[in-house]
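Visitor: I am sharing run_2.txt, which consists of compact mmCIF, C-alpha atoms and all ligand atoms:
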```
# COMPACT_ATOMS: atom_id res chain seq x y z
CA MET R 42 131.44 92.94 -30.82
CA GLY R 43 131.69 91.97 -34.46
CA LEU R 44 131.69 94.21 -37.49
CA SER R 45 127.86 94.10 -37.80
CA GLN R 46 127.37 95.33 -34.21
CA ILE R 47 129.80 98.17 -34.97
CA TYR R 48 128.22 99.02 -38.31
CA ALA R 49 124.66 98.93 -36.91
CA ALA R 50 125.66 101.56 -34.34
CA MET R 51 127.49 103.59 -36.98
CA VAL R 52 124.41 103.68 -39.28
CA ALA R 53 122.11 104.55 -36.36
CA ASN R 54 124.53 107.29 -35.28
CA ASN R 55 124.50 109.24 -38.56
CA ASN R 56 127.29 107.17 -40.17
CA LYS R 57 129.89 108.04 -37.53
CA LEU R 58 131.61 106.51 -34.48
CA ASN R 59 134.50 107.56 -32.22
CA LEU R 60 136.00 104.18 -33.11
CA GLU R 61 136.82 105.64 -36.54
CA ARG R 62 139.42 107.89 -34.87
CA CYS R 63 141.68 104.80 -34.50
CA THR R 64 144.50 104.78 -37.02
CA TYR R 65 145.21 101.03 -37.34
CA SER R 66 142.90 98.03 -37.60
CA GLY R 67 143.13 94.27 -37.91
CA PHE R 68 141.40 91.00 -37.04
CA SER R 69 141.69 88.69 -34.04
CA LYS R 70 141.14 84.90 -34.34
CA THR R 71 139.01 83.91 -31.37
CA TYR R 72 138.81 80.07 -31.32
CA SER R 73 139.59 78.44 -27.95
CA SER R 74 141.75 75.38 -27.18
CA ASN R 75 138.78 73.02 -27.28
CA ASN R 76 136.16 74.83 -29.34
CA PHE R 77 135.80 76.54 -32.74
CA THR R 78 133.50 78.99 -30.93
CA THR R 79 134.93 80.50 -27.75
CA ASP R 80 133.11 81.59 -24.60
CA SER R 81 134.15 84.69 -22.65
CA GLY R 82 136.24 82.67 -20.17
CA ALA R 83 138.60 81.29 -22.81
CA GLY R 84 138.29 84.46 -24.93
CA GLY R 85 139.15 86.76 -22.03
CA THR R 86 141.96 84.46 -20.88
CA ALA R 87 143.52 84.52 -24.38
CA LEU R 88 143.49 88.34 -24.44
CA ALA R 89 144.66 88.73 -20.82
CA CYS R 90 147.08 85.83 -20.39
CA GLY R 91 148.20 85.02 -23.95
CA VAL R 92 147.15 81.35 -23.88
CA LYS R 93 144.33 79.46 -25.56
CA THR R 94 142.39 77.55 -22.92
CA LYS R 95 139.19 75.52 -22.65
CA ASN R 96 135.83 77.27 -22.66
CA ASN R 97 134.72 78.35 -19.16
CA MET R 98 138.28 78.45 -17.71
CA ILE R 99 139.71 81.69 -16.25
CA GLY R 100 143.40 82.66 -16.21
CA MET R 101 144.89 79.19 -16.67
CA THR R 102 146.02 76.75 -19.36
CA PRO R 103 143.87 73.74 -20.42
CA ASP R 104 146.02 71.72 -17.94
CA SER R 105 145.04 74.07 -15.09
CA ILE R 106 148.39 75.81 -14.84
CA THR R 107 147.92 79.41 -13.67
CA VAL R 108 149.16 82.05 -16.13
CA GLU R 109 149.98 85.63 -15.16
CA SER R 110 147.70 88.16 -16.88
CA ILE R 111 148.96 91.33 -18.54
CA LEU R 112 147.35 93.26 -15.66
CA GLU R 113 149.33 91.21 -13.13
CA VAL R 114 152.56 91.67 -15.13
CA ALA R 115 151.95 95.44 -15.21
CA GLU R 116 151.31 95.43 -11.46
CA ARG R 117 154.53 93.47 -10.79
CA ASN R 118 156.38 96.13 -12.85
CA ASN R 119 154.96 98.86 -10.57
CA LEU R 120 152.51 100.26 -13.10
CA SER R 121 149.03 101.17 -11.87
CA THR R 122 146.23 98.83 -12.95
CA GLY R 123 142.48 98.95 -13.34
CA ILE R 124 139.32 97.25 -14.56
CA VAL R 125 136.05 98.95 -15.53
CA ALA R 126 133.13 96.79 -16.67
CA ALA R 127 129.51 97.25 -17.65
CA CYS R 128 128.83 93.99 -15.79
CA ALA R 129 129.84 92.37 -12.48
CA VAL R 130 133.62 92.71 -11.95
CA THR R 131 133.56 88.97 -11.19
CA HIS R 132 132.10 88.10 -14.63
CA ALA R 133 134.22 86.17 -17.15
CA THR R 134 136.00 88.96 -19.06
CA PRO R 135 137.08 91.18 -16.14
CA ALA R 136 137.84 88.01 -14.14
CA SER R 137 140.24 86.81 -16.85
CA PHE R 138 142.52 89.76 -16.09
CA ILE R 139 142.81 89.11 -12.36
CA ALA R 140 141.54 85.65 -11.37
CA HIS R 141 142.62 82.04 -11.87
CA GLN R 142 139.77 79.55 -11.59
CA HIS R 143 138.66 76.37 -13.32
CA ASN R 144 135.22 77.73 -14.00
CA ARG R 145 133.93 81.22 -14.73
CA ASN R 146 130.91 80.56 -12.48
CA MET R 147 133.11 80.48 -9.34
CA TYR R 148 132.16 84.12 -8.62
CA GLU R 149 132.97 84.03 -4.89
CA GLU R 150 136.43 82.56 -5.52
CA ILE R 151 136.97 85.18 -8.26
CA ALA R 152 136.02 87.95 -5.77
CA LEU R 153 138.67 86.56 -3.37
CA ASP R 154 141.24 86.74 -6.20
CA PHE R 155 140.71 90.53 -6.29
CA LEU R 156 141.95 90.59 -2.67
CA LYS R 157 145.07 88.62 -3.63
CA SER R 158 146.00 91.27 -6.20
CA ASP R 159 147.12 94.87 -5.80
CA ILE R 160 144.85 96.27 -8.50
CA ASP R 161 144.41 100.02 -7.97
CA VAL R 162 140.92 100.58 -9.38
CA PHE R 163 138.00 98.32 -10.21
CA ILE R 164 134.52 99.53 -11.04
CA GLY R 165 131.42 97.54 -11.99
CA GLY R 166 128.72 95.36 -10.44
CA GLY R 167 128.92 92.14 -8.44
CA ARG R 168 128.98 93.57 -4.88
CA LYS R 169 127.11 90.52 -3.56
CA ASN R 170 130.06 88.29 -4.47
CA PHE R 171 132.06 90.32 -1.90
CA THR R 172 129.41 90.54 0.81
CA ASP R 173 126.85 87.74 0.53
CA ARG R 174 129.12 84.71 0.52
CA ALA R 175 128.93 81.02 1.45
CA ASP R 176 132.07 81.44 3.62
CA ASN R 177 130.47 84.43 5.43
CA LEU R 178 133.56 86.57 4.82
CA ASN R 179 132.92 90.27 4.27
CA LEU R 180 135.39 91.18 1.56
CA ILE R 181 134.41 94.87 1.71
CA ASP R 182 135.97 94.98 5.21
CA LYS R 183 139.07 93.24 3.85
CA LEU R 184 139.28 95.75 0.97
CA LYS R 185 139.12 98.59 3.54
CA GLU R 186 141.98 96.94 5.46
CA LYS R 187 143.95 97.05 2.18
CA ASN R 188 143.29 100.82 2.00
CA TYR R 189 140.66 100.74 -0.73
CA ALA R 190 138.09 103.51 -0.77
CA ILE R 191 134.72 101.79 -1.30
CA ALA R 192 132.21 103.42 -3.66
CA GLN R 193 128.67 102.12 -4.01
CA THR R 194 127.33 104.75 -6.42
CA ILE R 195 128.70 106.45 -9.51
CA ASP R 196 128.78 109.77 -7.60
CA GLU R 197 130.95 108.17 -4.92
CA VAL R 198 133.23 106.82 -7.68
CA LYS R 199 133.57 110.30 -9.21
CA ALA R 200 134.49 111.83 -5.82
CA ILE R 201 137.70 109.77 -5.56
CA ASN R 202 140.73 110.77 -7.62
CA SER R 203 143.70 109.19 -5.87
CA GLY R 204 144.64 106.07 -3.91
CA LYS R 205 142.90 102.72 -4.39
CA LEU R 206 139.25 102.43 -5.35
CA ALA R 207 136.79 99.52 -5.26
CA GLY R 208 133.69 100.75 -7.06
CA LEU R 209 131.07 98.06 -6.47
CA ILE R 210 128.11 100.03 -7.66
CA TYR R 211 125.58 97.26 -8.31
CA ASN R 212 124.75 94.33 -6.07
CA ASN R 213 124.34 91.94 -9.00
CA GLN R 214 124.90 92.66 -12.70
CA ASN R 215 124.80 96.24 -13.96
CA PRO R 216 121.47 97.17 -15.58
CA ALA R 217 121.28 97.54 -19.38
CA MET R 218 121.22 100.83 -21.27
CA PRO R 219 119.52 103.27 -20.92
CA GLU R 220 118.88 102.41 -17.23
CA ARG R 221 122.65 102.26 -16.59
CA GLY R 222 123.02 105.90 -17.68
CA ASN R 223 126.60 107.12 -18.08
CA MET R 224 128.08 104.56 -15.69
CA LEU R 225 130.63 103.19 -18.18
CA PRO R 226 132.06 106.43 -19.66
CA GLU R 227 132.00 108.18 -16.26
CA SER R 228 133.69 105.26 -14.48
CA THR R 229 136.30 105.17 -17.24
CA VAL R 230 137.12 108.87 -16.81
CA ALA R 231 137.29 108.38 -13.02
CA ALA R 232 139.63 105.39 -13.41
CA LEU R 233 141.93 107.27 -15.81
CA ASP R 234 142.03 110.17 -13.35
CA ILE R 235 143.39 107.88 -10.62
CA LEU R 236 145.64 105.69 -12.77
CA ASP R 237 147.47 108.54 -14.52
CA ASN R 238 148.88 109.69 -11.15
CA ASN R 239 151.55 106.99 -11.59
CA LYS R 240 154.47 108.38 -13.61
CA LYS R 241 155.49 104.82 -14.59
CA GLY R 242 152.20 104.39 -16.43
CA PHE R 243 149.18 102.14 -16.17
CA PHE R 244 147.18 99.28 -17.69
CA LEU R 245 143.39 99.62 -17.78
CA MET R 246 140.88 97.09 -19.18
CA ILE R 247 137.43 98.47 -19.98
CA GLU R 248 134.57 96.22 -21.09
CA GLY R 249 131.34 97.24 -22.84
CA SER R 250 129.94 93.97 -21.55
CA GLN R 251 126.35 94.05 -22.69
CA ILE R 252 126.86 94.30 -26.46
CA ASP R 253 127.20 90.52 -26.06
CA TRP R 254 124.02 90.17 -24.00
CA ALA R 255 121.91 92.22 -26.44
CA SER R 256 123.30 90.04 -29.25
CA HIS R 257 122.40 86.85 -27.33
CA ASP R 258 118.87 88.30 -27.18
CA ASN R 259 119.02 88.96 -30.95
CA ASN R 260 117.85 92.48 -30.10
CA ALA R 261 119.37 94.90 -32.64
CA GLU R 262 117.89 97.99 -30.96
CA ASN R 263 119.65 97.13 -27.69
CA VAL R 264 122.85 96.22 -29.55
CA VAL R 265 122.89 99.81 -30.84
CA LYS R 266 122.25 101.27 -27.35
CA GLU R 267 125.08 99.22 -25.80
CA MET R 268 127.42 99.89 -28.75
CA LEU R 269 126.87 103.65 -28.58
CA ASP R 270 127.54 103.58 -24.81
CA PHE R 271 130.79 101.74 -25.49
CA ASP R 272 131.65 104.14 -28.32
CA GLU R 273 131.08 107.14 -26.03
CA THR R 274 133.52 105.46 -23.62
CA ILE R 275 135.98 104.96 -26.48
CA GLY R 276 135.67 108.69 -27.21
CA LYS R 277 136.65 109.55 -23.62
CA VAL R 278 139.65 107.21 -23.80
CA LEU R 279 140.79 108.59 -27.17
CA ASP R 280 140.44 112.16 -25.84
CA PHE R 281 142.77 111.17 -22.97
CA ALA R 282 145.24 109.44 -25.31
CA GLU R 283 145.26 112.33 -27.81
CA GLN R 284 146.11 114.76 -25.04
CA ASP R 285 148.58 112.46 -23.28
CA LYS R 286 150.34 111.44 -26.53
CA ASN R 287 151.96 108.47 -24.76
CA THR R 288 149.03 106.09 -24.32
CA LEU R 289 148.27 103.09 -26.54
CA VAL R 290 144.56 102.30 -26.93
CA ILE R 291 143.54 98.84 -28.20
CA ILE R 292 139.87 98.08 -28.89
CA THR R 293 138.69 94.56 -29.69
CA ALA R 294 136.29 91.82 -28.62
CA ASP R 295 136.66 88.34 -27.19
CA HIS R 296 134.20 87.01 -29.81
CA GLU R 297 131.23 87.89 -32.01
CA THR R 298 127.73 87.06 -30.70
CA GLY R 299 124.54 86.36 -32.60
CA GLY R 300 126.08 85.76 -36.02
CA MET R 301 124.66 89.20 -36.78
CA THR R 302 124.47 90.48 -40.34
CA ILE R 303 122.92 93.53 -42.02
CA PRO R 304 121.67 92.69 -45.52
CA THR R 305 119.82 95.99 -46.11
CA GLY R 306 119.48 99.50 -44.72
CA ASP R 307 119.32 103.21 -45.49
CA ILE R 308 122.19 105.40 -44.31
CA ALA R 309 120.33 108.69 -44.91
CA LYS R 310 117.42 107.46 -42.76
CA LYS R 311 119.84 105.95 -40.18
CA GLU R 312 118.05 102.62 -40.62
CA PHE R 313 119.26 99.05 -41.04
CA ASN R 314 117.74 95.57 -41.05
CA ALA R 315 119.56 93.01 -38.93
CA ILE R 316 119.43 89.23 -39.10
CA PHE R 317 120.84 87.04 -36.36
CA THR R 318 121.91 83.50 -37.21
CA THR R 319 122.44 82.16 -33.65
CA LYS R 320 121.44 82.88 -30.05
CA GLY R 321 125.03 82.04 -29.07
CA HIS R 322 128.51 83.18 -30.09
CA SER R 323 129.95 82.74 -33.57
CA GLY R 324 133.44 81.68 -34.65
CA VAL R 325 134.31 84.58 -36.97
CA PRO R 326 137.38 86.72 -36.27
CA VAL R 327 136.62 90.06 -34.60
CA PRO R 328 137.92 93.50 -35.54
CA VAL R 329 140.82 95.14 -33.69
CA PHE R 330 141.38 98.90 -33.62
CA ALA R 331 144.41 100.71 -32.23
CA PHE R 332 145.52 104.27 -31.58
CA GLY R 333 148.71 105.77 -30.18
CA PRO R 334 152.36 104.68 -29.90
CA GLY R 335 152.76 101.08 -31.09
CA ALA R 336 149.33 100.98 -32.73
CA GLN R 337 150.86 99.63 -35.94
CA ASN R 338 151.53 96.31 -34.13
CA PHE R 339 147.80 95.60 -34.14
CA SER R 340 147.12 95.44 -37.88
CA GLY R 341 146.49 92.44 -40.12
CA PHE R 342 145.36 89.05 -38.83
CA MET R 343 146.48 88.07 -35.33
CA GLU R 344 145.80 85.35 -32.78
CA ASN R 345 143.86 86.50 -29.70
CA THR R 346 146.86 85.19 -27.70
CA SER R 347 149.22 87.79 -29.22
CA PHE R 348 148.01 90.89 -27.34
CA LYS R 349 149.75 90.15 -24.04
CA SER R 350 153.25 89.73 -25.48
CA LYS R 351 152.88 92.75 -27.77
CA ILE R 352 151.84 94.96 -24.83
CA GLU R 353 154.65 93.57 -22.64
CA LYS R 354 157.18 94.40 -25.34
CA LEU R 355 155.81 97.91 -25.94
CA LEU R 356 155.74 98.71 -22.21
CA LYS R 357 159.13 96.98 -21.70
CA LEU R 358 157.64 94.81 -18.94
CA LYS R 359 159.66 91.97 -17.46
ZN ZN S 1 128.17 85.78 -24.65
```
As structure tokens, what does this structure read like?
Ligand SMILES: [Zn+2]
Guide:
Amino acid sequence: MGLSQIYAAMVANNNKLNLERCTYSGFSKTYSSNNFTTDSGAGGTALACGVKTKNNMIGMTPDSITVESILEVAERNNLSTGIVAACAVTHATPASFIAHQHNRNMYEEIALDFLKSDIDVFIGGGRKNFTDRADNLNLIDKLKEKNYAIAQTIDEVKAINSGKLAGLIYNNQNPAMPERGNMLPESTVAALDILDNNKKGFFLMIEGSQIDWASHDNNAENVVKEMLDFDETIGKVLDFAEQDKNTLVIITADHETGGMTIPTGDIAKKEFNAIFTTKGHSGVPVPVFAFGPGAQNFSGFMENTSFKSKIEKLLKLK
């Protein structure tokens, strides 16, 4: 999610986004330990664990040393924790917050890492990585043993507002917008509803995963659809934070995709012309937006490895 993806959605949406409600903004440098242009494994690991690693690695240093993620630190400090993703929960970005594997494609091992954690809520796709496995384990049964309520539809997700929830609502990846409907904003509201029961607080990672995929496809129309879905989700989160007054919201990306730019357009007609310069990711820094207590710590240029320590300090985590 680079500035062009954001601006395309803003133009298409009558020159307005919920994202604009954020009061501080900056830029995150996304390069990985071995590449000018990061993938989502190294990009997610930098955001979650505070270390630059090699592309494709999840939750560990380039030398394969496991690093605790901010979600795991929050959990160890008795905060509630959650992940909501518009893709499989075992995909690279959500995985970076909970798993430790040499390769992002080790989906079945990543699913097992969810069982090793005490995460309170996770909602997304990827059910088959829990049920249809080479080792024949049924991880849904093991989640039930760990007192998770299992939801397989968005309505089942919305019916649960306390305890632990595993929302595995698609067998494989989540469908794209508009087929996905309100899955992301509704799952986010459901997750917040459970997580805010903990008086000590919570950490929640939410990913609008398919802005990247639409950008890989160089499809500007779908970029706008996925961006507006993510922005609606941002609106729900900012509504919560405004009311709560004690929640920090940080919005950023692990990298830009497509080398997207918008040379021309017409704001009054809500039109823009997009050019993509690559089918892959690009190396440019990505925007960061923040709202709430401590938001001022996320302005100016920053390394993508700086988020974890800043959050730890603000939440006084040990
Ligand atoms: Zn990508």
Visitor: Give me, as JSON lines, each residue of chain R that comes within 12 Å of ligand ZN 1 (chain S), together with its shortest interatomic pair and the distance in Å at one decimal, counting all atoms listed in the file, with rows ordered by chain and rising residue number.
Guide:
```
{"residue": "R:Met42", "atom": "CA", "partner": "S:ZN1", "partner_atom": "ZN", "distance": 10.0}
{"residue": "R:Thr78", "atom": "CA", "partner": "S:ZN1", "partner_atom": "ZN", "distance": 10.7}
{"residue": "R:Thr79", "atom": "CA", "partner": "S:ZN1", "partner_atom": "ZN", "distance": 9.1}
{"residue": "R:Asp80", "atom": "CA", "partner": "S:ZN1", "partner_atom": "ZN", "distance": 6.5}
{"residue": "R:Ser81", "atom": "CA", "partner": "S:ZN1", "partner_atom": "ZN", "distance": 6.4}
{"residue": "R:Gly82", "atom": "CA", "partner": "S:ZN1", "partner_atom": "ZN", "distance": 9.7}
{"residue": "R:Ala83", "atom": "CA", "partner": "S:ZN1", "partner_atom": "ZN", "distance": 11.5}
{"residue": "R:Gly84", "atom": "CA", "partner": "S:ZN1", "partner_atom": "ZN", "distance": 10.2}
{"residue": "R:Gly85", "atom": "CA", "partner": "S:ZN1", "partner_atom": "ZN", "distance": 11.3}
{"residue": "R:Asn96", "atom": "CA", "partner": "S:ZN1", "partner_atom": "ZN", "distance": 11.6}
{"residue": "R:Asn97", "atom": "CA", "partner": "S:ZN1", "partner_atom": "ZN", "distance": 11.3}
{"residue": "R:His132", "atom": "CA", "partner": "S:ZN1", "partner_atom": "ZN", "distance": 11.0}
{"residue": "R:Ala133", "atom": "CA", "partner": "S:ZN1", "partner_atom": "ZN", "distance": 9.6}
{"residue": "R:Thr134", "atom": "CA", "partner": "S:ZN1", "partner_atom": "ZN", "distance": 10.1}
{"residue": "R:Ser250", "atom": "CA", "partner": "S:ZN1", "partner_atom": "ZN", "distance": 8.9}
{"residue": "R:Gln251", "atom": "CA", "partner": "S:ZN1", "partner_atom": "ZN", "distance": 8.7}
{"residue": "R:Ile252", "atom": "CA", "partner": "S:ZN1", "partner_atom": "ZN", "distance": 8.8}
{"residue": "R:Asp253", "atom": "CA", "partner": "S:ZN1", "partner_atom": "ZN", "distance": 5.0}
{"residue": "R:Trp254", "atom": "CA", "partner": "S:ZN1", "partner_atom": "ZN", "distance": 6.1}
{"residue": "R:Ala255", "atom": "CA", "partner": "S:ZN1", "partner_atom": "ZN", "distance": 9.2}
{"residue": "R:Ser256", "atom": "CA", "partner": "S:ZN1", "partner_atom": "ZN", "distance": 7.9}
{"residue": "R:His257", "atom": "CA", "partner": "S:ZN1", "partner_atom": "ZN", "distance": 6.5}
{"residue": "R:Asp258", "atom": "CA", "partner": "S:ZN1", "partner_atom": "ZN", "distance": 10.0}
{"residue": "R:Asn259", "atom": "CA", "partner": "S:ZN1", "partner_atom": "ZN", "distance": 11.6}
{"residue": "R:Ala294", "atom": "CA", "partner": "S:ZN1", "partner_atom": "ZN", "distance": 10.9}
{"residue": "R:Asp295", "atom": "CA", "partner": "S:ZN1", "partner_atom": "ZN", "distance": 9.2}
{"residue": "R:His296", "atom": "CA", "partner": "S:ZN1", "partner_atom": "ZN", "distance": 8.0}
{"residue": "R:Glu297", "atom": "CA", "partner": "S:ZN1", "partner_atom": "ZN", "distance": 8.2}
{"residue": "R:Thr298", "atom": "CA", "partner": "S:ZN1", "partner_atom": "ZN", "distance": 6.2}
{"residue": "R:Gly299", "atom": "CA", "partner": "S:ZN1", "partner_atom": "ZN", "distance": 8.8}
{"residue": "R:Gly300", "atom": "CA", "partner": "S:ZN1", "partner_atom": "ZN", "distance": 11.6}
{"residue": "R:Thr319", "atom": "CA", "partner": "S:ZN1", "partner_atom": "ZN", "distance": 11.3}
{"residue": "R:Lys320", "atom": "CA", "partner": "S:ZN1", "partner_atom": "ZN", "distance": 9.1}
{"residue": "R:Gly321", "atom": "CA", "partner": "S:ZN1", "partner_atom": "ZN", "distance": 6.6}
{"residue": "R:His322", "atom": "CA", "partner": "S:ZN1", "partner_atom": "ZN", "distance": 6.0}
{"residue": "R:Ser323", "atom": "CA", "partner": "S:ZN1", "partner_atom": "ZN", "distance": 9.6}
```
Visitor: Please identify all polymer residues within 9 Å of Ala49 of chain R, counting all atoms listed in the file, omitting same-chain residues fewer than 4 positions from it, and present them as a list of chain:residue names.
Guide: R:Leu44, R:Ser45, R:Ala53, R:Asn54, R:Ala261, R:Val264, R:Val265, R:Met268, R:Ile303, R:Glu312, R:Phe313, R:Asn314, R:Ala315
Visitor: At what distance in Å, to one decimal, does atom CA of Ile164 of chain R lie from atom CA of Ile124 of chain R?
Guide: 6.4 Å
Visitor: Counting all atoms listed in the file, which residues of segment 261-291 of chain R fall within 12 Å of segment 214-220 of chain R, and what is the closest atom pair for each with its distance in Å at one decimal, ordered by chain and rising number, as CSV?
Guide:
```
residue,atom,partner,partner_atom,distance
R:Glu262,CA,R:Met218,CA,10.6
R:Asn263,CA,R:Met218,CA,7.6
R:Val264,CA,R:Met218,CA,9.6
R:Val265,CA,R:Met218,CA,9.8
R:Lys266,CA,R:Met218,CA,6.2
R:Glu267,CA,R:Met218,CA,6.2
R:Met268,CA,R:Met218,CA,9.8
R:Leu269,CA,R:Met218,CA,9.7
R:Asp270,CA,R:Met218,CA,7.7
R:Phe271,CA,R:Met218,CA,10.5
```
Visitor: Give me, as a list in words, all polymer residues having an atom no more than 9 Å from Met51 of chain R, counting only C-alpha atoms and skipping those fewer than 4 positions away in the same chain.
Guide: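 The filter keeps Gln46, Ile47, Asn55, Asn56, Lys57, Leu58, Val265, Leu269 and Lys311 of chain R.
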Visitor: One number please: atom CA of Val325 of chain R to atom CA of Ser69 of chain R, in Å, one decimal.
Guide: 8.9 Å
Visitor: Considering only C-alpha atoms, can you say which of R:Thr172, R:Ile139, R:Lys70, R:Lys357 comes closest to Phe342 of chain R?
Guide: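 Comparing R:Thr172, R:Ile139, R:Lys70, R:Lys357 against Phe342 of chain R, the winner is R:Lys70.
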Visitor: Hey, which of R:Met343, R:Ile201, R:Ala231, R:Ile352 ends up closest to Val290 of chain R? Count only C-alpha atoms.
Guide: R:Ile352
Visitor: Report the distance between atom CA of Leu358 of chain R and atom CA of Met246 of chain R in Å, rounded to one decimal place.
Guide: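 Atom-to-atom, atom CA of Leu358 of chain R and atom CA of Met246 of chain R are spaced 16.9 Å apart.
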Visitor: So which one's closest to Ala232 of chain R, R:Leu209, R:Ile111, R:Val162, R:Ile247? Using all atoms listed in the file, please.
Guide: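 Of R:Leu209, R:Ile111, R:Val162, R:Ile247, the one nearest Ala232 of chain R is R:Val162, counting all atoms listed in the file.
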Visitor: Do you know which residues are at most 9 Å from Val125 of chain R counting all atoms listed in the file, after dropping those on the same chain fewer than 3 positions away, and could you put them as a short mmCIF file (atom, residue, chain, number, x, y, z; two decimals) with C-alpha atoms, keeping the file's coordinate frame?
Guide:
```cif
data_model
loop_
_atom_site.label_atom_id
_atom_site.label_comp_id
_atom_site.auth_asym_id
_atom_site.auth_seq_id
_atom_site.Cartn_x
_atom_site.Cartn_y
_atom_site.Cartn_z
CA CYS R 128 128.83 93.99 -15.79
CA VAL R 130 133.62 92.71 -11.95
CA PRO R 135 137.08 91.18 -16.14
CA VAL R 162 140.92 100.58 -9.38
CA PHE R 163 138.00 98.32 -10.21
CA ILE R 164 134.52 99.53 -11.04
CA GLY R 165 131.42 97.54 -11.99
CA GLY R 208 133.69 100.75 -7.06
CA LEU R 225 130.63 103.19 -18.18
CA SER R 228 133.69 105.26 -14.48
CA THR R 229 136.30 105.17 -17.24
CA ALA R 232 139.63 105.39 -13.41
CA LEU R 245 143.39 99.62 -17.78
CA MET R 246 140.88 97.09 -19.18
CA ILE R 247 137.43 98.47 -19.98
CA GLU R 248 134.57 96.22 -21.09
CA GLY R 249 131.34 97.24 -22.84
#
```
Visitor: Nearest residue to Ala192 of chain R out of R:Leu206, R:Ala331, R:Ala282, R:Leu180, using only C-alpha atoms?
Guide: R:Leu206
Visitor: Determine the nearest neighbour of Lys349 of chain R from the options R:Thr71, R:Ser203, R:Thr86, R:Thr318, counting all atoms listed in the file.
Guide: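 Ranked by minimum distance to Lys349 of chain R, first place goes to R:Thr86.
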Visitor: As JSON, numbers by chain, please: the residues near Ala87 of chain R (cut-off 10 Å, all atoms listed in the file, same-chain neighbours under 5 positions excluded).
Guide: {"R": [71, 72, 73, 74, 81, 82, 92, 93, 94, 99, 100, 101, 102, 110, 137, 138, 295, 344, 345, 346, 347, 348, 349]}
Visitor: Counting only C-alpha atoms, which residues have an atom no more than 10 Å from (152.9, 91.3, -8.1) in the file's coordinates? Please list them as number ranges by chain.
Guide: R: 109, 112-119, 157-160
Visitor: Which residues are close to Phe68 of chain R, i.e. within 6 Å by all atoms listed in the file, leaving aside same-chain residues fewer than 4 positions away? Reply as a PDB file with C-alpha atoms, in the frame of the given file.
Guide:
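The resulting file, around-v5.pdb, is reproduced below:
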```
ATOM      1  CA  PRO R 326     137.380  86.720 -36.270  1.00  0.00           C
ATOM      2  CA  VAL R 327     136.620  90.060 -34.600  1.00  0.00           C
ATOM      3  CA  PRO R 328     137.920  93.500 -35.540  1.00  0.00           C
ATOM      4  CA  VAL R 329     140.820  95.140 -33.690  1.00  0.00           C
ATOM      5  CA  PHE R 342     145.360  89.050 -38.830  1.00  0.00           C
TER       6      PHE R 342
END
```
Visitor: Between R:Asn213, R:Asp234, R:Ile291, R:Gly324, which residue has the minimum interatomic distance to Lys351 of chain R, considering only C-alpha atoms?
Guide: R:Ile291
